[in-house]
>>> print(open('my_file_13.cif').read())   # mmCIF, C-alpha atoms and all ligand atoms
data_my_file
loop_
_atom_site.label_atom_id
_atom_site.label_comp_id
_atom_site.auth_asym_id
_atom_site.auth_seq_id
_atom_site.Cartn_x
_atom_site.Cartn_y
_atom_site.Cartn_z
CA MET A 149 22.79 123.65 123.63
CA ALA A 150 24.03 120.39 125.08
CA VAL A 151 23.05 120.29 128.71
CA TYR A 152 20.82 117.28 129.19
CA THR A 153 21.07 117.18 132.98
CA HIS A 154 20.66 120.19 135.22
CA LEU A 155 22.91 120.09 138.27
CA GLY A 156 22.14 122.55 141.05
CA ALA A 157 24.72 124.90 142.58
CA GLU A 158 25.06 122.86 145.79
CA GLU A 159 25.38 119.62 143.86
CA LEU A 160 28.12 121.12 141.66
CA ALA A 161 29.98 122.55 144.67
CA ARG A 162 29.88 119.18 146.45
CA LEU A 163 31.11 117.42 143.31
CA ILE A 164 33.99 119.87 142.80
CA SER A 165 34.98 119.49 146.47
CA GLU A 166 35.95 115.89 145.66
CA TYR A 167 38.85 117.25 143.59
CA ASP A 168 41.95 119.05 144.75
CA VAL A 169 41.20 122.18 142.72
CA GLY A 170 40.02 124.74 145.29
CA GLU A 171 36.45 125.91 145.68
CA LEU A 172 33.82 126.32 143.01
CA ILE A 173 33.51 129.91 141.79
CA SER A 174 31.28 129.42 138.74
CA ALA A 175 29.94 126.73 136.42
CA LYS A 176 28.42 127.58 133.06
CA GLY A 177 26.66 125.16 130.76
CA ILE A 178 28.40 124.96 127.37
CA ALA A 179 26.29 125.48 124.27
CA GLU A 180 28.39 123.44 121.82
CA GLY A 181 28.29 119.67 121.48
CA VAL A 182 25.46 117.23 121.05
CA SER A 183 26.41 114.12 123.01
CA ASN A 184 27.25 115.03 126.59
CA SER A 185 26.46 117.71 129.15
CA ASN A 186 29.44 120.03 129.60
CA TRP A 187 30.16 122.86 132.03
CA LEU A 188 32.99 125.33 132.08
CA VAL A 189 33.99 125.33 135.72
CA GLU A 190 36.09 127.97 137.45
CA THR A 191 37.59 127.28 140.85
CA SER A 192 39.67 129.22 143.35
CA GLY A 193 42.59 126.94 142.42
CA THR A 194 45.36 125.62 144.64
CA GLY A 195 48.05 128.17 143.81
CA ALA A 196 48.23 131.80 142.84
CA GLY A 197 45.11 132.21 140.71
CA THR A 198 41.80 130.74 139.67
CA GLN A 199 41.67 127.63 137.47
CA ARG A 200 39.36 126.49 134.69
CA PHE A 201 38.21 122.97 133.94
CA ILE A 202 35.69 121.21 131.77
CA LEU A 203 33.23 119.06 133.67
CA THR A 204 31.53 116.45 131.49
CA MET A 205 28.56 114.28 132.33
CA TYR A 206 28.36 111.34 129.94
CA GLU A 207 24.85 111.08 128.54
CA ARG A 208 24.54 109.29 125.22
CA ARG A 209 26.20 106.38 123.42
CA ILE A 210 28.84 106.00 126.15
CA GLU A 211 29.41 102.78 128.03
CA LEU A 212 30.89 103.12 131.51
CA SER A 213 33.32 100.32 130.72
CA ASP A 214 34.81 102.46 127.90
CA LEU A 215 35.73 105.40 130.12
CA PRO A 216 39.14 104.00 131.20
CA TYR A 217 39.99 103.76 127.49
CA PHE A 218 38.80 107.27 126.57
CA LEU A 219 40.25 109.04 129.61
CA GLY A 220 43.44 106.90 129.67
CA LEU A 221 44.08 107.71 125.99
CA LEU A 222 43.83 111.44 126.78
CA ASP A 223 46.43 111.10 129.53
CA HIS A 224 48.67 108.93 127.32
CA LEU A 225 48.63 111.43 124.42
CA SER A 226 48.95 114.43 126.71
CA GLU A 227 52.05 112.89 128.31
CA ARG A 228 53.53 112.63 124.81
CA SER A 229 52.95 116.34 124.23
CA CYS A 230 50.05 115.90 121.84
CA PRO A 231 47.58 118.81 122.17
CA VAL A 232 44.86 116.96 124.09
CA PRO A 233 43.51 117.71 127.58
CA ARG A 234 44.74 115.62 130.49
CA THR A 235 42.17 114.35 132.97
CA ILE A 236 41.93 115.58 136.56
CA HIS A 237 41.66 112.72 139.03
CA ASP A 238 39.65 113.06 142.24
CA ARG A 239 41.24 112.83 145.69
CA GLY A 240 40.81 109.05 145.62
CA GLY A 241 42.71 108.85 142.31
CA ALA A 242 39.63 108.08 140.19
CA ALA A 243 39.45 109.51 136.65
CA TYR A 244 35.64 109.61 136.82
CA ARG A 245 32.92 109.61 139.48
CA MET A 246 29.24 108.75 139.50
CA GLU A 247 26.63 111.49 140.00
CA ARG A 248 22.88 110.80 139.70
CA GLY A 249 23.77 107.41 138.27
CA LYS A 250 25.82 108.94 135.44
CA ALA A 251 29.58 109.19 135.07
CA VAL A 252 31.25 112.60 135.33
CA ALA A 253 34.86 113.58 134.68
CA MET A 254 36.92 116.74 135.01
CA ILE A 255 39.39 117.51 132.27
CA GLU A 256 41.96 120.19 131.66
CA TYR A 257 40.64 123.36 130.03
CA LEU A 258 42.60 124.23 126.89
CA PRO A 259 42.65 127.60 125.15
CA GLY A 260 41.55 128.13 121.57
CA VAL A 261 38.43 128.29 119.44
CA SER A 262 37.01 125.85 116.91
CA PRO A 263 37.23 127.19 113.36
CA THR A 264 33.89 127.53 111.56
CA ARG A 265 35.51 128.20 108.15
CA PRO A 266 38.87 126.42 108.32
CA THR A 267 41.66 127.80 106.15
CA PRO A 268 44.07 125.54 104.24
CA ALA A 269 46.72 126.37 106.88
CA GLN A 270 44.38 125.18 109.63
CA ALA A 271 43.48 122.03 107.68
CA SER A 272 47.20 121.40 107.28
CA ALA A 273 47.80 121.79 111.04
CA VAL A 274 45.00 119.37 111.86
CA GLY A 275 46.31 116.82 109.34
CA ALA A 276 49.73 116.87 111.01
CA ALA A 277 48.21 116.70 114.51
CA LEU A 278 46.07 113.72 113.50
CA ALA A 279 49.09 111.82 112.18
CA ARG A 280 50.91 112.53 115.45
CA ILE A 281 48.15 111.06 117.61
CA HIS A 282 48.11 107.98 115.36
CA ILE A 283 51.82 107.48 115.92
CA GLU A 284 51.92 108.39 119.62
CA GLY A 285 48.79 106.38 120.41
CA ARG A 286 50.15 103.15 119.00
CA ASP A 287 51.68 102.01 122.30
CA PHE A 288 48.66 102.92 124.43
CA PRO A 289 47.98 99.53 126.04
CA LEU A 290 44.15 99.51 125.97
CA ARG A 291 42.05 98.63 122.93
CA ARG A 292 38.47 99.48 122.01
CA ALA A 293 36.45 98.15 119.09
CA ASN A 294 34.80 100.69 116.80
CA THR A 295 31.08 100.68 117.62
CA MET A 296 30.40 103.08 114.72
CA GLY A 297 32.03 101.03 111.99
CA PHE A 298 30.51 100.65 108.53
CA ALA A 299 28.45 97.59 109.50
CA ASP A 300 27.07 99.47 112.53
CA ASN A 301 26.16 102.45 110.33
CA LEU A 302 24.24 100.16 107.98
CA ALA A 303 22.42 98.62 110.96
CA ILE A 304 21.47 102.12 112.21
CA LEU A 305 20.06 103.12 108.82
CA GLU A 306 18.17 99.83 108.51
CA PHE A 307 16.80 100.26 112.02
CA CYS A 308 15.59 103.79 111.19
CA GLY A 309 13.78 102.23 108.22
CA GLN A 310 12.98 103.50 104.72
CA GLU A 311 9.84 105.33 105.80
CA ALA A 312 11.37 107.31 108.67
CA LEU A 313 14.46 108.08 106.57
CA GLY A 314 12.23 109.33 103.77
CA GLY A 315 10.42 111.51 106.30
CA ILE A 316 13.71 113.27 107.09
CA HIS A 317 14.53 113.73 103.40
CA PRO A 318 13.23 111.93 100.29
CA GLU A 319 16.82 111.16 99.12
CA LEU A 320 17.91 109.41 102.31
CA PRO A 321 16.48 105.91 101.68
CA ALA A 322 18.64 105.63 98.53
CA LEU A 323 21.75 105.72 100.72
CA LEU A 324 20.98 102.29 102.15
CA ALA A 325 22.56 100.70 99.06
CA PRO A 326 25.95 102.47 99.32
CA ALA A 327 25.88 101.86 103.10
CA ARG A 328 25.62 98.13 102.26
CA GLU A 329 28.63 98.44 99.94
CA ALA A 330 30.65 100.21 102.66
CA ALA A 331 29.74 97.52 105.19
CA ALA A 332 31.11 94.90 102.79
CA LEU A 333 34.52 96.63 102.38
CA ASP A 334 37.42 94.55 103.64
CA LEU A 335 39.76 96.85 105.59
CA SER A 336 41.49 94.09 107.55
CA ALA A 337 44.86 94.50 105.81
CA LEU A 338 45.18 98.22 106.57
CA PRO A 339 47.38 99.53 109.42
CA ARG A 340 45.53 100.27 112.65
CA ALA A 341 46.05 102.45 115.71
CA ASN A 342 44.02 104.22 118.37
CA ILE A 343 42.04 106.73 116.34
CA HIS A 344 39.88 109.73 117.25
CA ALA A 345 37.09 108.84 114.79
CA ASP A 346 35.18 112.17 115.10
CA LEU A 347 37.77 114.90 114.51
CA PHE A 348 35.39 117.59 113.27
CA PRO A 349 36.34 121.29 113.43
CA ASP A 350 34.15 121.61 116.54
CA ASN A 351 36.35 119.00 118.22
CA VAL A 352 39.55 120.95 117.58
CA LEU A 353 40.56 124.10 119.43
CA MET A 354 42.93 126.40 117.57
CA LEU A 355 44.77 129.66 118.09
CA GLY A 356 45.39 130.97 114.59
CA LYS A 357 47.14 128.18 112.66
CA GLN A 358 48.09 126.23 115.77
CA VAL A 359 46.14 123.26 117.12
CA THR A 360 45.84 123.86 120.88
CA GLY A 361 43.39 121.09 121.71
CA MET A 362 41.91 117.97 120.18
CA ILE A 363 38.90 117.15 122.33
CA ASP A 364 35.87 114.87 122.52
CA PHE A 365 37.58 111.49 122.24
CA TYR A 366 34.33 109.68 123.01
CA PHE A 367 34.21 107.82 119.70
CA ALA A 368 37.93 106.95 119.90
CA CYS A 369 38.66 103.33 119.13
CA THR A 370 41.22 100.96 117.71
CA ASP A 371 40.67 100.91 113.96
CA VAL A 372 42.31 101.67 110.63
CA MET A 373 44.12 105.01 110.51
CA ALA A 374 42.93 105.73 106.97
CA LEU A 375 39.36 105.80 108.32
CA ASP A 376 40.31 108.57 110.75
CA LEU A 377 42.02 110.49 107.95
CA ALA A 378 38.97 110.09 105.70
CA THR A 379 36.61 111.18 108.50
CA THR A 380 38.72 114.25 109.21
CA HIS A 381 38.90 115.02 105.48
CA ALA A 382 35.10 114.75 105.17
CA ALA A 383 34.60 117.01 108.20
CA TRP A 384 37.15 119.73 107.34
CA CYS A 385 37.42 120.06 103.59
CA PHE A 386 33.94 121.14 102.46
CA HIS A 387 32.33 124.58 102.68
CA ALA A 388 29.98 124.39 105.65
CA ASP A 389 27.13 126.32 103.99
CA THR A 390 27.15 124.62 100.55
CA ASN A 391 28.93 121.27 101.15
CA VAL A 392 31.07 122.03 98.09
CA TYR A 393 34.56 120.51 98.27
CA ASP A 394 37.47 122.89 98.90
CA PRO A 395 40.45 121.31 97.10
CA GLU A 396 42.98 123.61 98.76
CA ARG A 397 41.93 122.51 102.21
CA GLY A 398 41.74 118.88 101.09
CA GLU A 399 45.24 118.87 99.59
CA ALA A 400 46.67 120.73 102.60
CA LEU A 401 45.20 118.22 105.05
CA LEU A 402 46.26 115.12 103.11
CA SER A 403 49.79 116.29 102.42
CA ALA A 404 50.43 117.49 106.02
CA TYR A 405 49.19 114.14 107.33
CA GLN A 406 51.44 112.28 104.92
CA ALA A 407 54.44 114.43 105.78
CA VAL A 408 54.22 112.89 109.28
CA ARG A 409 52.89 109.41 108.33
CA PRO A 410 53.03 108.55 104.64
CA LEU A 411 50.12 106.36 103.57
CA GLU A 412 50.77 102.82 102.41
CA GLU A 413 49.81 101.78 98.88
CA ASP A 414 46.68 99.87 99.92
CA GLU A 415 45.50 102.79 102.09
CA ARG A 416 45.80 105.10 99.09
CA ALA A 417 44.00 102.64 96.83
CA LEU A 418 41.03 102.30 99.19
CA PHE A 419 40.86 105.92 100.36
CA GLY A 420 37.96 106.98 98.10
CA ARG A 421 35.78 104.08 99.23
CA ILE A 422 36.72 104.58 102.88
CA ALA A 423 35.78 108.26 102.55
CA GLN A 424 32.36 107.27 101.18
CA GLY A 425 31.84 105.04 104.22
CA ALA A 426 33.08 107.81 106.52
CA ALA A 427 30.53 110.26 105.10
CA LEU A 428 27.73 107.69 105.45
CA ARG A 429 28.71 107.13 109.08
CA PHE A 430 27.56 110.71 109.83
CA VAL A 431 24.46 110.35 107.68
CA ALA A 432 23.54 107.36 109.87
CA SER A 433 24.25 108.86 113.30
CA ARG A 434 22.63 112.19 112.37
CA ALA A 435 19.54 110.45 111.00
CA GLU A 436 19.27 108.41 114.19
CA ASP A 437 19.70 111.56 116.33
CA TRP A 438 17.16 113.40 114.17
CA LEU A 439 14.54 110.79 114.98
CA ASP A 440 15.68 110.27 118.57
CA THR A 441 16.46 113.63 120.18
CA PRO A 442 14.19 114.36 123.18
CA GLU A 443 11.79 117.27 122.53
CA ASP A 444 12.92 119.17 125.63
CA ALA A 445 16.70 118.73 125.11
CA LEU A 446 18.60 121.98 124.71
CA VAL A 447 20.45 120.75 121.65
CA THR A 448 20.56 121.61 117.95
CA ARG A 449 20.07 118.61 115.68
CA LYS A 450 22.63 118.17 112.88
CA ASP A 451 21.49 117.70 109.30
CA PRO A 452 22.21 114.24 107.81
CA MET A 453 21.92 115.68 104.27
CA GLU A 454 25.16 117.61 104.65
CA PHE A 455 26.98 114.31 104.69
CA ALA A 456 24.80 112.86 101.95
CA ALA A 457 26.22 115.65 99.76
CA ARG A 458 29.76 114.86 100.87
CA TRP A 459 29.19 111.13 100.22
CA ARG A 460 28.19 112.01 96.65
CA PHE A 461 31.42 113.96 96.19
CA TYR A 462 33.48 110.94 97.29
CA ALA A 463 31.40 108.56 95.16
CA GLU A 464 32.20 110.69 92.11
CA ASN A 465 35.74 111.90 92.91
CA GLY A 466 37.12 109.90 95.84
CA ASP A 467 39.38 107.65 93.75
CA ARG A 468 41.20 110.69 92.32
CA LEU A 469 42.04 112.37 95.65
CA LEU A 470 45.27 110.48 96.25
CA ALA A 471 46.03 109.54 92.64
N1 LIG A 501 39.32 120.52 127.25
C1 LIG A 501 38.57 121.54 126.82
N2 LIG A 501 39.04 122.80 126.85
C2 LIG A 501 38.27 123.84 126.43
N3 LIG A 501 37.02 123.72 125.98
C3 LIG A 501 36.50 122.49 125.92
C4 LIG A 501 37.23 121.32 126.33
N4 LIG A 501 36.45 120.24 126.19
C5 LIG A 501 35.27 120.69 125.71
N5 LIG A 501 35.29 122.03 125.55
C6 LIG A 501 34.19 122.88 125.06
O1 LIG A 501 32.99 122.17 125.22
C7 LIG A 501 32.34 121.98 123.96
C8 LIG A 501 31.65 120.64 123.92
O2 LIG A 501 32.60 119.61 124.20
P1 LIG A 501 32.52 118.20 123.47
O3 LIG A 501 33.45 117.27 124.17
O4 LIG A 501 32.72 118.40 122.01
O5 LIG A 501 31.01 117.82 123.79
P2 LIG A 501 30.10 116.71 123.10
O6 LIG A 501 30.70 115.39 123.44
O7 LIG A 501 28.76 116.91 123.68
O8 LIG A 501 30.15 117.00 121.64
C9 LIG A 501 33.44 122.15 122.95
O9 LIG A 501 32.95 122.59 121.71
C10 LIG A 501 34.32 123.23 123.60
O10 LIG A 501 33.77 124.50 123.39
N1 LIG A 502 30.61 115.09 114.90
C1 LIG A 502 29.34 114.44 114.76
C2 LIG A 502 28.47 114.53 115.96
C3 LIG A 502 29.12 114.01 117.19
O1 LIG A 502 28.84 114.93 118.14
P1 LIG A 502 29.97 115.65 119.00
O2 LIG A 502 29.30 116.94 119.37
O3 LIG A 502 30.16 114.67 120.11
O4 LIG A 502 31.19 115.88 118.14
C4 LIG A 502 28.53 115.06 113.62
O5 LIG A 502 28.88 116.17 113.22
O6 LIG A 502 27.57 114.44 113.19
#
>>> encode(input="my_file_13.cif", output="structure tokens", more="lines below")
Ligand SMILES: Nc1ncnc2c1ncn2[C@@H]1O[C@H](COP(=O)(O)OP(=O)(O)O)[C@@H](O)[C@H]1O
Ligand SMILES: N[C@@H](CCOP(=O)(O)O)C(=O)O
Amino acid sequence: MAVYTHLGAEELARLISEYDVGELISAKGIAEGVSNSNWLVETSGTGAGTQRFILTMYERRIELSDLPYFLGLLDHLSERSCPVPRTIHDRGGAAYRMERGKAVAMIEYLPGVSPTRPTPAQASAVGAALARIHIEGRDFPLRRANTMGFADNLAILEFCGQEALGGIHPELPALLAPAREAAALDLSALPRANIHADLFPDNVLMLGKQVTGMIDFYFACTDVMALDLATTHAAWCFHADTNVYDPERGEALLSAYQAVRPLEEDERALFGRIAQGAALRFVASRAEDWLDTPEDALVTRKDPMEFAARWRFYAENGDRLLA
């Protein structure tokens, strides 16, 4: 469960009173997620009925100076009718406030559930939704560098070190070599946009085949769109229990994306290698989290070896996916 900070009832009520949303009725810690503390907040609302919001306290890997980018991008995409939550500003107009020295923000609650076993139809819907945010986010005026690019992933793995990596799993140290190859890839000629960069099933809310919410934009950045597509492909198109590739889901996601934004020739040519780097990105961050998660945190660590298996699939088959 991801609640790193425990806020008392009075503290929460005082915080909510800074927003024009009525009075606090309830606040429940949310089990999902690994990065931030999240509460589902219900208030008396300002109109006919009660209202729900998500209250997030930013805990890990988030720089305060990035919040205008993350929260502004949500508002930009929401205004363009993309299924992302808008942010709720406080009475002073601020998109985030400080509480106990940490930033907190209130965002719109969206309906839907995250699929645990996505169907091809759901993979198709997410492919189309991803292409839409790439297109609609192009004229968002702020920019943010990717702090989890391939060179950063290599640095994380090197910092963990061969011995600690081997302690997690004996096959992990061997992934330093492909991480070096990914870091050396030249992606500078590929088209860029504001990308989500972590569009896993648990970051998408769906009702049936419809995407109702793309959430957790806290790795969003300005980078190549094919990287976002490869990351989403790696996250959605493998069986969760076995890490075996599901070609139906994979084809559905890639063709729905391309129906909205066809890939350019050089994006297609590099896709397999980008997908290898995308898989290694989650090996790196999960390995770091594995070694780094506080003992008393109410959070479930994610297994880096799942993405080692997916990396192997792309190393062996990645060049054929868009052939
Ligand atoms: N706007 C939202 N509407 C509805 N539920 C949300 C919203 N934002 C977050 N959640 C819920 O909170 C959980 C954790 O949010 P997330 O942003 O993914 O946290 P973390 O950054 O810790 O991964 C999600 O899995 C979802 O259940
Ligand atoms: N999606 C990443 C973990 C990032 O955590 P999130 O809960 O903020 O999405 C992974 O699966 O490793």
>>> atom_distance(input="my_file_13.cif", atom1="CA of Ala345 (chain A)", atom2="CA of Cys369 (chain A)")
7.2 Å
>>> residues_near_ligand(input="my_file_13.cif", ligand="ligand LIG 502 (chain A)", cutoff="8 Å", atoms="all atoms listed in the file", output="PyMOL selection string")
chain A and resi 180-184+346-348+350-351+364+366-367+383+430-431+433-434+450-452
>>> write_last_selection(input="my_file_13.cif", atoms="C-alpha atoms", output="mmCIF file, in the frame of the given file")
data_model
loop_
_atom_site.group_PDB
_atom_site.id
_atom_site.type_symbol
_atom_site.label_atom_id
_atom_site.label_comp_id
_atom_site.auth_asym_id
_atom_site.auth_seq_id
_atom_site.Cartn_x
_atom_site.Cartn_y
_atom_site.Cartn_z
ATOM 1 C CA GLU A 180 28.390 123.440 121.820
ATOM 2 C CA GLY A 181 28.290 119.670 121.480
ATOM 3 C CA VAL A 182 25.460 117.230 121.050
ATOM 4 C CA SER A 183 26.410 114.120 123.010
ATOM 5 C CA ASN A 184 27.250 115.030 126.590
ATOM 6 C CA ASP A 346 35.180 112.170 115.100
ATOM 7 C CA LEU A 347 37.770 114.900 114.510
ATOM 8 C CA PHE A 348 35.390 117.590 113.270
ATOM 9 C CA ASP A 350 34.150 121.610 116.540
ATOM 10 C CA ASN A 351 36.350 119.000 118.220
ATOM 11 C CA ASP A 364 35.870 114.870 122.520
ATOM 12 C CA TYR A 366 34.330 109.680 123.010
ATOM 13 C CA PHE A 367 34.210 107.820 119.700
ATOM 14 C CA ALA A 383 34.600 117.010 108.200
ATOM 15 C CA PHE A 430 27.560 110.710 109.830
ATOM 16 C CA VAL A 431 24.460 110.350 107.680
ATOM 17 C CA SER A 433 24.250 108.860 113.300
ATOM 18 C CA ARG A 434 22.630 112.190 112.370
ATOM 19 C CA LYS A 450 22.630 118.170 112.880
ATOM 20 C CA ASP A 451 21.490 117.700 109.300
ATOM 21 C CA PRO A 452 22.210 114.240 107.810
#
>>> closest_residue(input="my_file_13.cif", among="A:Thr264, A:Thr295, A:Tyr206, A:Leu278", to="Asp389 (chain A)", atoms="only C-alpha atoms")
A:Thr264
>>> atom_distance(input="my_file_13.cif", atom1="CA of Glu158 (chain A)", atom2="CA of Lys176 (chain A)")
14.0 Å
>>> residues_around(input="my_file_13.cif", residues="Ala251 (chain A)", least_positions_apart="2", cutoff="6 Å", atoms="all atoms listed in the file", output="short mmCIF file (atom, residue, chain, number, x, y, z; two decimals) with C-alpha atoms, in the coordinates of the input")
data_model
loop_
_atom_site.label_atom_id
_atom_site.label_comp_id
_atom_site.auth_asym_id
_atom_site.auth_seq_id
_atom_site.Cartn_x
_atom_site.Cartn_y
_atom_site.Cartn_z
CA MET A 205 28.56 114.28 132.33
CA TYR A 206 28.36 111.34 129.94
CA ARG A 245 32.92 109.61 139.48
CA MET A 246 29.24 108.75 139.50
#
>>> residues_near_ligand(input="my_file_13.cif", ligand="ligand LIG 501 (chain A)", cutoff="10 Å", atoms="all atoms listed in the file", output="ChimeraX atom specification")
/A:149-152,177-188,200-208,210,231-235,254-262,346-353,360-367,447
>>> closest_residue(input="my_file_13.cif", among="A:Pro410, A:Gly275, A:Gly297, A:Gly425", to="Ala325 (chain A)", atoms="all atoms listed in the file")
A:Gly425
>>> atom_distance(input="my_file_13.cif", atom1="CA of Phe455 (chain A)", atom2="CA of Arg340 (chain A)")
24.6 Å
>>> closest_residue(input="my_file_13.cif", among="A:Met373, A:Leu222, A:Ala277, A:Leu215", to="Tyr405 (chain A)", atoms="all atoms listed in the file")
A:Ala277
>>> closest_residue(input="my_file_13.cif", among="A:Leu470, A:Val372, A:Ala400, A:Ile316", to="Ala417 (chain A)", atoms="all atoms listed in the file")
A:Leu470
>>> closest_residue(input="my_file_13.cif", among="A:Pro289, A:Gly170, A:Gly466, A:Gly356", to="Gly197 (chain A)", atoms="all atoms listed in the file")
A:Gly170
>>> residues_around(input="my_file_13.cif", residues="Leu338 (chain A)", least_positions_apart="2", cutoff="12 Å", atoms="all atoms listed in the file", output="MDAnalysis selection string")
chainID A and resid 333:336 340:341 371:375 411:419 422
>>> write_last_selection(input="my_file_13.cif", atoms="C-alpha atoms", output="mmCIF file, in the frame of the given file")
data_model
loop_
_atom_site.group_PDB
_atom_site.id
_atom_site.type_symbol
_atom_site.label_atom_id
_atom_site.label_comp_id
_atom_site.auth_asym_id
_atom_site.auth_seq_id
_atom_site.Cartn_x
_atom_site.Cartn_y
_atom_site.Cartn_z
ATOM 1 C CA LEU A 333 34.520 96.630 102.380
ATOM 2 C CA ASP A 334 37.420 94.550 103.640
ATOM 3 C CA LEU A 335 39.760 96.850 105.590
ATOM 4 C CA SER A 336 41.490 94.090 107.550
ATOM 5 C CA ARG A 340 45.530 100.270 112.650
ATOM 6 C CA ALA A 341 46.050 102.450 115.710
ATOM 7 C CA ASP A 371 40.670 100.910 113.960
ATOM 8 C CA VAL A 372 42.310 101.670 110.630
ATOM 9 C CA MET A 373 44.120 105.010 110.510
ATOM 10 C CA ALA A 374 42.930 105.730 106.970
ATOM 11 C CA LEU A 375 39.360 105.800 108.320
ATOM 12 C CA LEU A 411 50.120 106.360 103.570
ATOM 13 C CA GLU A 412 50.770 102.820 102.410
ATOM 14 C CA GLU A 413 49.810 101.780 98.880
ATOM 15 C CA ASP A 414 46.680 99.870 99.920
ATOM 16 C CA GLU A 415 45.500 102.790 102.090
ATOM 17 C CA ARG A 416 45.800 105.100 99.090
ATOM 18 C CA ALA A 417 44.000 102.640 96.830
ATOM 19 C CA LEU A 418 41.030 102.300 99.190
ATOM 20 C CA PHE A 419 40.860 105.920 100.360
ATOM 21 C CA ILE A 422 36.720 104.580 102.880
#
>>> residues_around(input="my_file_13.cif", residues="Pro216 (chain A)", least_positions_apart="4", cutoff="9 Å", atoms="all atoms listed in the file", output="PDB file with C-alpha atoms, in the frame of the given file")
ATOM      1  CA  LEU A 212      30.890 103.120 131.510  1.00  0.00           C
ATOM      2  CA  GLY A 220      43.440 106.900 129.670  1.00  0.00           C
ATOM      3  CA  LEU A 221      44.080 107.710 125.990  1.00  0.00           C
ATOM      4  CA  ALA A 243      39.450 109.510 136.650  1.00  0.00           C
ATOM      5  CA  TYR A 244      35.640 109.610 136.820  1.00  0.00           C
ATOM      6  CA  LEU A 290      44.150  99.510 125.970  1.00  0.00           C
TER       7      LEU A 290
END
>>> closest_residue(input="my_file_13.cif", among="A:Leu402, A:Ala435, A:Met453, A:Ala368", to="His282 (chain A)", atoms="only C-alpha atoms")
A:Ala368
>>> residues_around(input="my_file_13.cif", residues="Ala327 (chain A)", least_positions_apart="6", cutoff="9 Å", atoms="only C-alpha atoms", output="PyMOL selection string")
chain A and resi 298-299+301-302+305+424-425+428-429
>>> residues_around(input="my_file_13.cif", residues="Thr194 (chain A)", least_positions_apart="6", cutoff="12 Å", atoms="only C-alpha atoms", output="list in words")
Tyr167, Asp168, Val169, Gly170, Glu171, Leu172 and Arg200 of chain A
>>> write_last_selection(input="my_file_13.cif", atoms="C-alpha atoms", output="CSV table (one decimal), in the coordinates of the input")
chain,number,residue,atom,x,y,z
A,167,TYR,CA,38.8,117.2,143.6
A,168,ASP,CA,42.0,119.0,144.8
A,169,VAL,CA,41.2,122.2,142.7
A,170,GLY,CA,40.0,124.7,145.3
A,171,GLU,CA,36.4,125.9,145.7
A,172,LEU,CA,33.8,126.3,143.0
A,200,ARG,CA,39.4,126.5,134.7
